[in-house]
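Below: final_35.pdb (PDB, C-alpha atoms and all ligand atoms)
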```pdb
ATOM      1  CA  MET A  17      34.081 -33.849  54.516
ATOM      2  CA  ALA A  18      35.714 -30.446  54.104
ATOM      3  CA  ARG A  19      34.125 -27.703  56.177
ATOM      4  CA  ARG A  20      31.898 -25.451  54.108
ATOM      5  CA  LYS A  21      33.190 -22.004  53.307
ATOM      6  CA  LEU A  22      31.528 -19.285  55.333
ATOM      7  CA  VAL A  23      30.323 -16.420  53.171
ATOM      8  CA  TYR A  24      28.621 -14.177  55.718
ATOM      9  CA  GLU A  25      27.457 -14.322  59.328
ATOM     10  CA  GLY A  26      24.477 -12.164  60.235
ATOM     11  CA  LYS A  27      22.513 -11.677  63.467
ATOM     12  CA  ALA A  28      20.214 -14.690  63.068
ATOM     13  CA  LYS A  29      21.664 -16.648  60.139
ATOM     14  CA  ILE A  30      24.925 -17.816  58.604
ATOM     15  CA  MET A  31      25.453 -18.185  54.866
ATOM     16  CA  TYR A  32      27.819 -20.823  53.493
ATOM     17  CA  GLU A  33      28.901 -21.570  49.963
ATOM     18  CA  GLY A  34      26.563 -24.135  48.418
ATOM     19  CA  PRO A  35      27.487 -27.439  46.794
ATOM     20  CA  GLU A  36      26.837 -26.148  43.249
ATOM     21  CA  PRO A  37      27.682 -22.789  41.689
ATOM     22  CA  GLY A  38      24.783 -20.397  42.172
ATOM     23  CA  THR A  39      23.660 -22.044  45.417
ATOM     24  CA  MET A  40      24.193 -21.234  49.088
ATOM     25  CA  VAL A  41      23.397 -22.898  52.388
ATOM     26  CA  GLN A  42      21.420 -20.784  54.873
ATOM     27  CA  TYR A  43      21.911 -21.808  58.530
ATOM     28  CA  PHE A  44      19.390 -20.595  61.137
ATOM     29  CA  LYS A  45      20.984 -19.696  64.490
ATOM     30  CA  ASP A  46      19.269 -19.581  67.869
ATOM     31  CA  ASP A  47      20.479 -16.015  68.419
ATOM     32  CA  ALA A  48      17.835 -13.354  68.912
ATOM     33  CA  THR A  49      18.598  -9.658  68.661
ATOM     34  CA  ALA A  50      16.436  -6.564  68.898
ATOM     35  CA  PHE A  51      16.837  -2.803  68.829
ATOM     36  CA  ASN A  52      19.672  -3.028  66.293
ATOM     37  CA  ALA A  53      21.415  -5.740  68.368
ATOM     38  CA  GLU A  54      21.383  -3.736  71.651
ATOM     39  CA  LYS A  55      19.357  -6.593  73.178
ATOM     40  CA  LYS A  56      20.682 -10.119  72.616
ATOM     41  CA  ALA A  57      19.914 -13.669  73.755
ATOM     42  CA  VAL A  58      20.219 -17.269  72.670
ATOM     43  CA  ILE A  59      16.757 -18.842  72.430
ATOM     44  CA  ASP A  60      16.929 -22.627  72.419
ATOM     45  CA  GLY A  61      15.175 -24.034  69.338
ATOM     46  CA  LYS A  62      14.415 -20.736  67.563
ATOM     47  CA  GLY A  63      16.611 -21.570  64.560
ATOM     48  CA  VAL A  64      14.934 -24.950  64.101
ATOM     49  CA  LEU A  65      11.472 -23.369  64.165
ATOM     50  CA  ASN A  66      12.379 -20.546  61.797
ATOM     51  CA  ASN A  67      13.982 -22.982  59.342
ATOM     52  CA  ARG A  68      10.752 -25.007  59.250
ATOM     53  CA  LEU A  69       8.441 -22.005  59.130
ATOM     54  CA  SER A  70      10.417 -20.236  56.419
ATOM     55  CA  GLU A  71      10.395 -23.449  54.373
ATOM     56  CA  PHE A  72       6.620 -23.692  54.827
ATOM     57  CA  PHE A  73       5.971 -20.135  53.600
ATOM     58  CA  MET A  74       8.520 -20.196  50.763
ATOM     59  CA  VAL A  75       7.182 -23.513  49.424
ATOM     60  CA  GLY A  76       3.597 -22.224  49.651
ATOM     61  CA  LEU A  77       4.523 -19.005  47.861
ATOM     62  CA  GLY A  78       6.397 -20.987  45.209
ATOM     63  CA  ASN A  79       3.262 -23.073  44.674
ATOM     64  CA  ILE A  80       1.262 -19.954  43.769
ATOM     65  CA  GLY A  81       3.973 -18.747  41.403
ATOM     66  CA  VAL A  82       5.916 -16.306  43.581
ATOM     67  CA  PRO A  83       9.625 -16.776  42.758
ATOM     68  CA  THR A  84      11.737 -17.451  45.865
ATOM     69  CA  HIS A  85      15.335 -18.378  46.655
ATOM     70  CA  PHE A  86      14.282 -21.605  48.414
ATOM     71  CA  ILE A  87      15.460 -24.890  46.857
ATOM     72  CA  LYS A  88      15.136 -27.435  49.680
ATOM     73  CA  ARG A  89      15.567 -27.920  53.393
ATOM     74  CA  LEU A  90      18.723 -29.876  54.149
ATOM     75  CA  ASN A  91      18.316 -30.601  57.863
ATOM     76  CA  MET A  92      16.967 -29.102  61.083
ATOM     77  CA  ARG A  93      18.838 -25.837  60.752
ATOM     78  CA  GLU A  94      19.875 -25.520  57.127
ATOM     79  CA  GLN A  95      18.306 -24.946  53.766
ATOM     80  CA  LEU A  96      19.728 -24.894  50.259
ATOM     81  CA  ILE A  97      18.924 -21.648  48.501
ATOM     82  CA  ARG A  98      19.613 -19.964  45.206
ATOM     83  CA  ALA A  99      22.389 -17.387  45.479
ATOM     84  CA  CYS A 100      21.228 -13.892  44.612
ATOM     85  CA  GLU A 101      22.376 -10.319  44.949
ATOM     86  CA  ILE A 102      20.382  -8.872  47.811
ATOM     87  CA  ILE A 103      18.853  -5.457  47.112
ATOM     88  CA  PRO A 104      19.891  -3.377  50.155
ATOM     89  CA  LEU A 105      16.320  -2.682  51.270
ATOM     90  CA  GLU A 106      14.051  -4.009  53.980
ATOM     91  CA  ILE A 107      10.594  -4.028  52.484
ATOM     92  CA  ILE A 108       7.960  -3.678  55.190
ATOM     93  CA  VAL A 109       4.280  -4.370  54.571
ATOM     94  CA  ARG A 110       1.755  -3.237  57.182
ATOM     95  CA  ASN A 111      -1.908  -4.117  57.601
ATOM     96  CA  VAL A 112      -2.344  -2.837  61.161
ATOM     97  CA  ALA A 113      -0.467  -0.006  62.907
ATOM     98  CA  ALA A 114       2.290  -1.216  65.255
ATOM     99  CA  GLY A 115       5.943  -0.755  66.151
ATOM    100  CA  SER A 116       7.845   2.045  64.473
ATOM    101  CA  LEU A 117       4.832   3.225  62.445
ATOM    102  CA  SER A 118       2.851   3.827  65.618
ATOM    103  CA  THR A 119       5.791   5.585  67.281
ATOM    104  CA  ARG A 120       6.635   7.706  64.260
ATOM    105  CA  LEU A 121       3.120   8.819  63.366
ATOM    106  CA  GLY A 122       1.350   8.583  66.734
ATOM    107  CA  ILE A 123      -1.177   6.030  65.476
ATOM    108  CA  GLU A 124      -2.367   3.718  68.238
ATOM    109  CA  GLU A 125      -1.085   0.137  67.988
ATOM    110  CA  GLY A 126      -3.817  -2.122  66.661
ATOM    111  CA  THR A 127      -5.467   0.467  64.409
ATOM    112  CA  ALA A 128      -6.454  -1.225  61.133
ATOM    113  CA  LEU A 129      -4.885   0.580  58.173
ATOM    114  CA  PRO A 130      -7.169   1.614  55.292
ATOM    115  CA  ARG A 131      -4.953  -0.307  52.843
ATOM    116  CA  PRO A 132      -1.672  -2.214  53.062
ATOM    117  CA  ILE A 133       1.183   0.262  53.442
ATOM    118  CA  ILE A 134       4.603  -0.571  52.039
ATOM    119  CA  GLU A 135       7.717   1.085  53.464
ATOM    120  CA  PHE A 136      11.376   0.798  52.497
ATOM    121  CA  CYS A 137      14.320   0.901  54.890
ATOM    122  CA  TYR A 138      17.922   1.082  53.729
ATOM    123  CA  LYS A 139      19.776  -1.993  55.013
ATOM    124  CA  ASP A 140      22.674  -0.575  57.000
ATOM    125  CA  ASP A 141      23.145  -1.622  60.622
ATOM    126  CA  LYS A 142      25.482   1.300  61.354
ATOM    127  CA  LEU A 143      22.731   3.732  60.353
ATOM    128  CA  GLY A 144      20.003   1.675  62.096
ATOM    129  CA  ASP A 145      18.236   0.721  58.822
ATOM    130  CA  PRO A 146      16.696   4.169  58.189
ATOM    131  CA  LEU A 147      13.357   4.637  56.457
ATOM    132  CA  VAL A 148      13.925   5.880  52.894
ATOM    133  CA  ALA A 149      11.717   7.173  50.079
ATOM    134  CA  GLU A 150      11.562   5.838  46.523
ATOM    135  CA  GLU A 151      13.446   9.020  45.561
ATOM    136  CA  HIS A 152      16.487   7.944  47.607
ATOM    137  CA  ILE A 153      16.342   4.384  46.283
ATOM    138  CA  ILE A 154      16.353   5.469  42.653
ATOM    139  CA  ALA A 155      18.754   8.415  43.069
ATOM    140  CA  PHE A 156      21.341   6.278  44.871
ATOM    141  CA  GLY A 157      20.911   3.348  42.460
ATOM    142  CA  TRP A 158      19.821   0.738  45.027
ATOM    143  CA  ALA A 159      16.974  -0.274  42.719
ATOM    144  CA  SER A 160      15.357   1.063  39.537
ATOM    145  CA  GLN A 161      11.769   2.288  39.172
ATOM    146  CA  GLN A 162      10.988  -0.981  37.357
ATOM    147  CA  ASP A 163      12.525  -2.977  40.238
ATOM    148  CA  LEU A 164      10.401  -1.022  42.717
ATOM    149  CA  ASP A 165       7.219  -1.679  40.746
ATOM    150  CA  ASP A 166       8.085  -5.393  40.719
ATOM    151  CA  ILE A 167       8.966  -5.340  44.440
ATOM    152  CA  VAL A 168       5.636  -3.720  45.366
ATOM    153  CA  ALA A 169       3.700  -6.283  43.297
ATOM    154  CA  LEU A 170       5.659  -9.128  44.898
ATOM    155  CA  ALA A 171       5.256  -7.740  48.420
ATOM    156  CA  LEU A 172       1.485  -7.456  47.980
ATOM    157  CA  ARG A 173       1.253 -11.062  46.746
ATOM    158  CA  VAL A 174       3.254 -12.209  49.768
ATOM    159  CA  ASN A 175       0.930 -10.154  51.987
ATOM    160  CA  ASP A 176      -2.216 -11.733  50.542
ATOM    161  CA  PHE A 177      -0.782 -15.241  50.823
ATOM    162  CA  LEU A 178       0.551 -14.847  54.369
ATOM    163  CA  SER A 179      -2.579 -13.025  55.581
ATOM    164  CA  GLY A 180      -4.696 -15.925  54.303
ATOM    165  CA  CYS A 181      -2.457 -18.600  55.851
ATOM    166  CA  MET A 182      -2.571 -16.828  59.195
ATOM    167  CA  LEU A 183      -6.284 -15.997  59.146
ATOM    168  CA  ALA A 184      -7.040 -19.692  58.579
ATOM    169  CA  VAL A 185      -5.376 -20.512  61.912
ATOM    170  CA  GLY A 186      -6.772 -17.607  63.921
ATOM    171  CA  ILE A 187      -3.787 -15.270  63.598
ATOM    172  CA  LYS A 188      -3.763 -11.669  62.376
ATOM    173  CA  LEU A 189      -0.812 -10.681  60.152
ATOM    174  CA  VAL A 190      -0.079  -7.198  61.468
ATOM    175  CA  ASP A 191       3.089  -6.486  59.477
ATOM    176  CA  PHE A 192       6.180  -8.189  58.097
ATOM    177  CA  LYS A 193       9.516  -7.562  56.446
ATOM    178  CA  ILE A 194      10.884  -9.193  53.326
ATOM    179  CA  GLU A 195      14.080  -8.943  51.345
ATOM    180  CA  VAL A 196      14.406  -9.335  47.607
ATOM    181  CA  GLY A 197      17.386 -10.432  45.508
ATOM    182  CA  ARG A 198      18.413 -10.300  41.866
ATOM    183  CA  VAL A 199      19.258 -13.370  39.822
ATOM    184  CA  TRP A 200      20.344 -13.508  36.213
ATOM    185  CA  ASP A 201      19.156 -16.045  33.658
ATOM    186  CA  ASN A 202      21.703 -15.302  30.914
ATOM    187  CA  ASP A 203      21.327 -11.524  30.406
ATOM    188  CA  PHE A 204      17.825 -11.396  31.831
ATOM    189  CA  GLN A 205      17.453 -10.128  35.398
ATOM    190  CA  ARG A 206      14.674 -11.372  37.687
ATOM    191  CA  LEU A 207      13.772 -10.504  41.266
ATOM    192  CA  ILE A 208      13.124 -13.276  43.768
ATOM    193  CA  LEU A 209      12.008 -13.384  47.371
ATOM    194  CA  ALA A 210      15.071 -14.014  49.580
ATOM    195  CA  ASP A 211      16.143 -14.099  53.255
ATOM    196  CA  GLU A 212      13.427 -15.684  55.430
ATOM    197  CA  ILE A 213       9.786 -15.435  56.404
ATOM    198  CA  SER A 214       9.352 -16.341  60.056
ATOM    199  CA  PRO A 215       7.953 -14.908  63.304
ATOM    200  CA  ASP A 216      11.304 -13.071  63.599
ATOM    201  CA  SER A 217      10.270 -10.826  60.726
ATOM    202  CA  CYS A 218       6.471 -10.682  61.153
ATOM    203  CA  ARG A 219       4.044  -9.349  63.748
ATOM    204  CA  LEU A 220       1.466 -12.019  64.494
ATOM    205  CA  TRP A 221      -1.411 -11.518  66.923
ATOM    206  CA  ASP A 222      -3.934 -14.118  68.027
ATOM    207  CA  ILE A 223      -7.263 -12.958  66.588
ATOM    208  CA  GLU A 224      -9.280 -13.843  69.710
ATOM    209  CA  THR A 225      -6.998 -12.713  72.502
ATOM    210  CA  GLY A 226      -4.533 -10.332  70.821
ATOM    211  CA  LYS A 227      -1.694 -12.407  72.286
ATOM    212  CA  LYS A 228       1.599 -11.727  70.507
ATOM    213  CA  LEU A 229       3.148 -14.728  68.755
ATOM    214  CA  ASP A 230       6.227 -13.083  67.236
ATOM    215  CA  LYS A 231       9.547 -11.462  68.089
ATOM    216  CA  ASP A 232       7.828  -8.743  70.138
ATOM    217  CA  VAL A 233       7.625 -11.450  72.865
ATOM    218  CA  PHE A 234      11.418 -11.094  73.063
ATOM    219  CA  ARG A 235      11.628  -7.351  72.353
ATOM    220  CA  ARG A 236       9.054  -6.555  75.064
ATOM    221  CA  ASP A 237       9.803  -9.414  77.546
ATOM    222  CA  LEU A 238       6.353 -10.981  77.224
ATOM    223  CA  GLY A 239       7.277 -14.610  77.959
ATOM    224  CA  SER A 240       8.819 -17.558  76.109
ATOM    225  CA  LEU A 241       9.700 -16.898  72.479
ATOM    226  CA  THR A 242      10.053 -20.619  71.756
ATOM    227  CA  ASP A 243       6.528 -21.244  73.069
ATOM    228  CA  ALA A 244       5.141 -18.465  70.847
ATOM    229  CA  TYR A 245       6.895 -19.719  67.685
ATOM    230  CA  THR A 246       5.988 -23.335  68.498
ATOM    231  CA  GLU A 247       2.348 -22.269  68.758
ATOM    232  CA  VAL A 248       2.493 -20.675  65.290
ATOM    233  CA  ALA A 249       4.175 -23.786  63.841
ATOM    234  CA  ARG A 250       1.624 -26.129  65.446
ATOM    235  CA  ARG A 251      -1.372 -24.120  64.267
ATOM    236  CA  LEU A 252      -0.015 -24.121  60.706
ATOM    237  CA  GLY A 253       0.537 -27.886  60.875
ATOM    238  CA  VAL A 254       4.300 -27.473  60.560
ATOM    239  CA  LEU A 255       4.766 -29.396  63.816
ATOM    240  CA  PRO A 256       2.493 -32.216  64.961
ATOM    241  CA  ASN A 257       0.052 -31.027  67.627
ATOM    242  CA  ASN A 258       1.187 -33.598  70.149
ATOM    243  CA  SER A 259       4.931 -33.072  69.747
ATOM    244  CA  GLY A 260       6.996 -32.076  72.755
ATOM    245  CA  PRO A 261       9.506 -29.272  73.070
ATOM    246  CA  VAL A 262      10.983 -28.289  69.739
ATOM    247  CA  THR A 263      14.535 -28.752  70.934
ATOM    248  CA  ARG A 264      14.111 -32.557  70.894
ATOM    249  CA  PRO A 265      15.590 -33.460  67.490
ATOM    250  CA  THR A 266      13.679 -36.711  67.025
ATOM    251  CA  LEU A 267      10.439 -34.799  66.706
ATOM    252  CA  ILE A 268      11.564 -32.748  63.726
ATOM    253  CA  ASN A 269      11.933 -34.579  60.443
TER     254      ASN A 269
HETATM  255  N1  LIG B 301      11.447  -6.025  60.921
HETATM  256  C1  LIG B 301      12.423  -6.961  60.695
HETATM  257  N2  LIG B 301      13.740  -6.563  60.721
HETATM  258  C2  LIG B 301      14.108  -5.286  60.939
HETATM  259  C3  LIG B 301      13.090  -4.330  61.182
HETATM  260  C4  LIG B 301      11.767  -4.733  61.160
HETATM  261  O1  LIG B 301      12.139  -8.126  60.461
HETATM  262  O2  LIG B 301      15.303  -4.988  60.939
HETATM  263  C5  LIG B 301      10.025  -6.429  60.901
HETATM  264  C6  LIG B 301       9.423  -6.418  62.295
HETATM  265  O3  LIG B 301       9.537  -7.689  62.901
HETATM  266  C7  LIG B 301       7.981  -6.077  62.022
HETATM  267  C8  LIG B 301       8.026  -5.213  60.745
HETATM  268  O4  LIG B 301       9.292  -5.500  60.156
HETATM  269  O5  LIG B 301       7.238  -7.243  61.721
HETATM  270  C9  LIG B 301       7.892  -3.733  61.037
HETATM  271  O6  LIG B 301       8.850  -3.368  62.006
HETATM  272  P1  LIG B 301       8.884  -1.879  62.584
HETATM  273  O7  LIG B 301       9.267  -0.932  61.505
HETATM  274  O8  LIG B 301       7.613  -1.606  63.297
HETATM  275  O9  LIG B 301      10.138  -1.875  63.542
HETATM  276  P2  LIG B 301      10.315  -2.283  65.050
HETATM  277  O10 LIG B 301       9.150  -1.801  65.821
HETATM  278  O11 LIG B 301      10.447  -3.763  64.982
HETATM  279  O12 LIG B 301      11.599  -1.580  65.385
END
```
Take the structure in the file and give it back as C-alpha cells.
Ligand code: UDP
Amino acid sequence: MARRKLVYEGKAKIMYEGPEPGTMVQYFKDDATAFNAEKKAVIDGKGVLNNRLSEFFMVGLGNIGVPTHFIKRLNMREQLIRACEIIPLEIIVRNVAAGSLSTRLGIEEGTALPRPIIEFCYKDDKLGDPLVAEEHIIAFGWASQQDLDDIVALALRVNDFLSGCMLAVGIKLVDFKIEVGRVWDNDFQRLILADEISPDSCRLWDIETGKKLDKDVFRRDLGSLTDAYTEVARRLGVLPNNSGPVTRPTLIN
C-alpha cells in the first residue's frame, strides 16, 4: 500500500492525509515535550494511551451532543478524524489554580477558583503561545465574536463532562486545554472540538492524595509518566484493571 502523505508533524502527533476527502489520520507519538520543547523525552507507550483516552473522551462528548473531529480509532496509535481548519488558539479552562495562572497571579497552587476561568493563548511556538485577550483575537481576525461565544459555550460543556468523568473515578480536573476547528457544511460554518483530550493537555490530581496523574509528572520529574496515564486509563475503564504494561500490544484492542 502506498505510504500515506504526511501533512504536518507536531510535538506529540503526526497528521496524515485521510482515505477520503475531508478526513485525516492522527498518529499519536511517544514523544513528550515541555517548556515549549526545551525538555524532551520519548515515553514508551504514551501515544497508545493518549490515543485510547482521547477516543474515550471524544466519543463520550459526541454522545452528549458536543461536535468533535473524531470519526473512529484505526489502531493502537491512529485515529481517523474530520479535517478542519484549526483556530490558532489554545483554549484553557481552569477550575483550580495551578501552573502559569499561579505563577502569573501569585495564587497558590490548589486554590479552588470561584468559577471556571477560560483563557486564550495564541498558538505560535516561536512566541511561546502567549496569553491573549478577546480584543486581540477579534482585532487580528483569528476568530469572530460569534466564534468566541460558541467556543466559550463548548469549552464549558467539555469542562462539565470531563469534570464529571474524573470525579466519578476519584480524580480532580484542575485545568485543561482544548483546540477548536472550523468545518463547512456547504456555506454554513460550524465549530468542532479538535486535537486531543488526554493527560498531556489536562491537570489531573487524585482527590484523596493530591497525586499528579498528568504531564506535570514529566514536567516536574515526579516519576513514571506511563504509570500515571495508565492509572487514569484503568480508573476510567479504558484499560482492563488486570492488564500488564501498556506497551504490550496484545492487551490493547
Ligand atoms: N496546556 C497544554 N498545552 C500547552 C499549554 C498548556 O496542553 O501548550 C495545558 C496544560 O497541560 C494544563 C493547562 O493547559 O493542563 C494550563 O496550562 P498552564 O497555562 O498552566 O501552562 P503550564 O504551566 O503547563 O506552562
Report task. Could you check which of A:Tyr32, A:Phe192, A:Trp221, A:Tyr24 is closest to ligand LIG 301 (chain B), using only C-alpha atoms and all ligand atoms? Result -> A:Phe192
Report task. Kindly compile the residues surrounding ligand LIG 301 (chain B) within 9 Å, counting all atoms listed in the file, and format them as an MDAnalysis selection string. Result -> chainID A and resid 50:52 106:110 113:119 135 137 139 141 144:145 147 189:194 213:220 230:232 235
Taking 2 positions as the minimum chain separation for residues in the same chain, which residues sit within 10 Å of Ala28 in chain A when counting only C-alpha atoms? Answer as a short mmCIF file (atom, residue, chain, number, x, y, z; two decimals) with C-alpha atoms, keeping the file's coordinate frame.
```
data_model
loop_
_atom_site.label_atom_id
_atom_site.label_comp_id
_atom_site.auth_asym_id
_atom_site.auth_seq_id
_atom_site.Cartn_x
_atom_site.Cartn_y
_atom_site.Cartn_z
CA GLU A 25 27.46 -14.32 59.33
CA GLY A 26 24.48 -12.16 60.24
CA ILE A 30 24.92 -17.82 58.60
CA TYR A 43 21.91 -21.81 58.53
CA PHE A 44 19.39 -20.60 61.14
CA LYS A 45 20.98 -19.70 64.49
CA ASP A 46 19.27 -19.58 67.87
CA ASP A 47 20.48 -16.02 68.42
CA ALA A 48 17.84 -13.35 68.91
CA THR A 49 18.60 -9.66 68.66
CA VAL A 58 20.22 -17.27 72.67
CA LYS A 62 14.42 -20.74 67.56
CA GLY A 63 16.61 -21.57 64.56
CA ASN A 66 12.38 -20.55 61.80
CA ASP A 216 11.30 -13.07 63.60
#
```
Can you list, as a CSV table (one decimal) with C-alpha atoms, in the coordinates of the input, every protein, DNA or RNA residue that comes within 8 Å of range 67-74 of chain A when you count only C-alpha atoms, leaving out same-chain residues fewer than 3 positions away?
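selection.csv, written as the output of this step:
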```
chain,number,residue,atom,x,y,z
A,44,PHE,CA,19.4,-20.6,61.1
A,63,GLY,CA,16.6,-21.6,64.6
A,64,VAL,CA,14.9,-25.0,64.1
A,77,LEU,CA,4.5,-19.0,47.9
A,78,GLY,CA,6.4,-21.0,45.2
A,84,THR,CA,11.7,-17.5,45.9
A,86,PHE,CA,14.3,-21.6,48.4
A,88,LYS,CA,15.1,-27.4,49.7
A,89,ARG,CA,15.6,-27.9,53.4
A,92,MET,CA,17.0,-29.1,61.1
A,93,ARG,CA,18.8,-25.8,60.8
A,94,GLU,CA,19.9,-25.5,57.1
A,95,GLN,CA,18.3,-24.9,53.8
A,178,LEU,CA,0.6,-14.8,54.4
A,212,GLU,CA,13.4,-15.7,55.4
A,213,ILE,CA,9.8,-15.4,56.4
A,214,SER,CA,9.4,-16.3,60.1
A,249,ALA,CA,4.2,-23.8,63.8
A,254,VAL,CA,4.3,-27.5,60.6
```
Requested in this report: Determine the residue membership of the PyMOL selection byres (((chain A and resi 173) around 12) and not hetatm) for the file above and supply it as number ranges by chain.
Outcome: A: 76-78, 80-83, 109, 132, 166-172, 174-180, 194, 209
Query raised in the report: Just so the selection is clear, what residues does the PyMOL selection byres (((chain A and resi 153-161) around 12) and not hetatm) cover here, as a PyMOL selection string?
Result: chain A and resi 101-107+135-139+146-152+162-168+196-198+207
Query - Picked residues, the PyMOL selection byres (((chain A and resi 38) around 12) and not hetatm), expected as number ranges by chain - result: A: 32-37, 39-41, 85, 87, 96-101, 198-201
Report task. Between CA of Gly186 in chain A and CA of Asp222 in chain A, measure the distance and give it in Å to one decimal. Result ->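 Separation of CA of Gly186 in chain A and CA of Asp222 in chain A: 6.1 Å.
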Could you add the missing atoms to range 118-136 of chain A, up to N, CA and C atoms, and return them as an mmCIF file, in the coordinates of the input?
```cif
data_model
loop_
_atom_site.group_PDB
_atom_site.id
_atom_site.type_symbol
_atom_site.label_atom_id
_atom_site.label_comp_id
_atom_site.auth_asym_id
_atom_site.auth_seq_id
_atom_site.Cartn_x
_atom_site.Cartn_y
_atom_site.Cartn_z
ATOM 1 N N SER A 118 3.644 3.218 64.549
ATOM 2 C CA SER A 118 2.851 3.827 65.618
ATOM 3 C C SER A 118 3.655 4.905 66.330
ATOM 4 N N THR A 119 4.945 4.615 66.584
ATOM 5 C CA THR A 119 5.791 5.585 67.281
ATOM 6 C C THR A 119 5.982 6.831 66.426
ATOM 7 N N ARG A 120 6.284 6.598 65.151
ATOM 8 C CA ARG A 120 6.635 7.706 64.260
ATOM 9 C C ARG A 120 5.452 8.616 63.992
ATOM 10 N N LEU A 121 4.264 8.024 63.807
ATOM 11 C CA LEU A 121 3.120 8.819 63.366
ATOM 12 C C LEU A 121 2.058 8.992 64.449
ATOM 13 N N GLY A 122 2.302 8.417 65.631
ATOM 14 C CA GLY A 122 1.350 8.583 66.734
ATOM 15 C C GLY A 122 0.028 7.887 66.473
ATOM 16 N N ILE A 123 0.060 6.787 65.731
ATOM 17 C CA ILE A 123 -1.177 6.030 65.476
ATOM 18 C C ILE A 123 -1.208 4.853 66.451
ATOM 19 N N GLU A 124 -2.296 4.732 67.177
ATOM 20 C CA GLU A 124 -2.367 3.718 68.238
ATOM 21 C C GLU A 124 -2.140 2.316 67.683
ATOM 22 N N GLU A 125 -1.326 1.518 68.405
ATOM 23 C CA GLU A 125 -1.085 0.137 67.988
ATOM 24 C C GLU A 125 -2.414 -0.600 67.898
ATOM 25 N N GLY A 126 -2.585 -1.348 66.822
ATOM 26 C CA GLY A 126 -3.817 -2.122 66.661
ATOM 27 C C GLY A 126 -4.821 -1.458 65.736
ATOM 28 N N THR A 127 -4.546 -0.209 65.327
ATOM 29 C CA THR A 127 -5.467 0.467 64.409
ATOM 30 C C THR A 127 -5.349 -0.165 63.022
ATOM 31 N N ALA A 128 -6.480 -0.630 62.477
ATOM 32 C CA ALA A 128 -6.454 -1.225 61.133
ATOM 33 C C ALA A 128 -6.126 -0.130 60.124
ATOM 34 N N LEU A 129 -5.256 -0.417 59.187
ATOM 35 C CA LEU A 129 -4.885 0.580 58.173
ATOM 36 C C LEU A 129 -5.885 0.497 57.016
ATOM 37 N N PRO A 130 -6.153 1.631 56.354
ATOM 38 C CA PRO A 130 -7.169 1.614 55.292
ATOM 39 C C PRO A 130 -6.759 0.785 54.084
ATOM 40 N N ARG A 131 -5.464 0.559 53.909
ATOM 41 C CA ARG A 131 -4.953 -0.307 52.843
ATOM 42 C C ARG A 131 -3.558 -0.749 53.269
ATOM 43 N N PRO A 132 -3.035 -1.832 52.676
ATOM 44 C CA PRO A 132 -1.672 -2.214 53.062
ATOM 45 C C PRO A 132 -0.704 -1.080 52.727
ATOM 46 N N ILE A 133 0.187 -0.798 53.654
ATOM 47 C CA ILE A 133 1.183 0.262 53.442
ATOM 48 C C ILE A 133 2.550 -0.400 53.305
ATOM 49 N N ILE A 134 3.269 -0.012 52.258
ATOM 50 C CA ILE A 134 4.603 -0.571 52.039
ATOM 51 C C ILE A 134 5.631 0.518 52.347
ATOM 52 N N GLU A 135 6.630 0.148 53.134
ATOM 53 C CA GLU A 135 7.717 1.085 53.464
ATOM 54 C C GLU A 135 9.047 0.443 53.077
ATOM 55 N N PHE A 136 10.037 1.286 52.814
ATOM 56 C CA PHE A 136 11.376 0.798 52.497
ATOM 57 C C PHE A 136 12.362 1.349 53.516
#
```
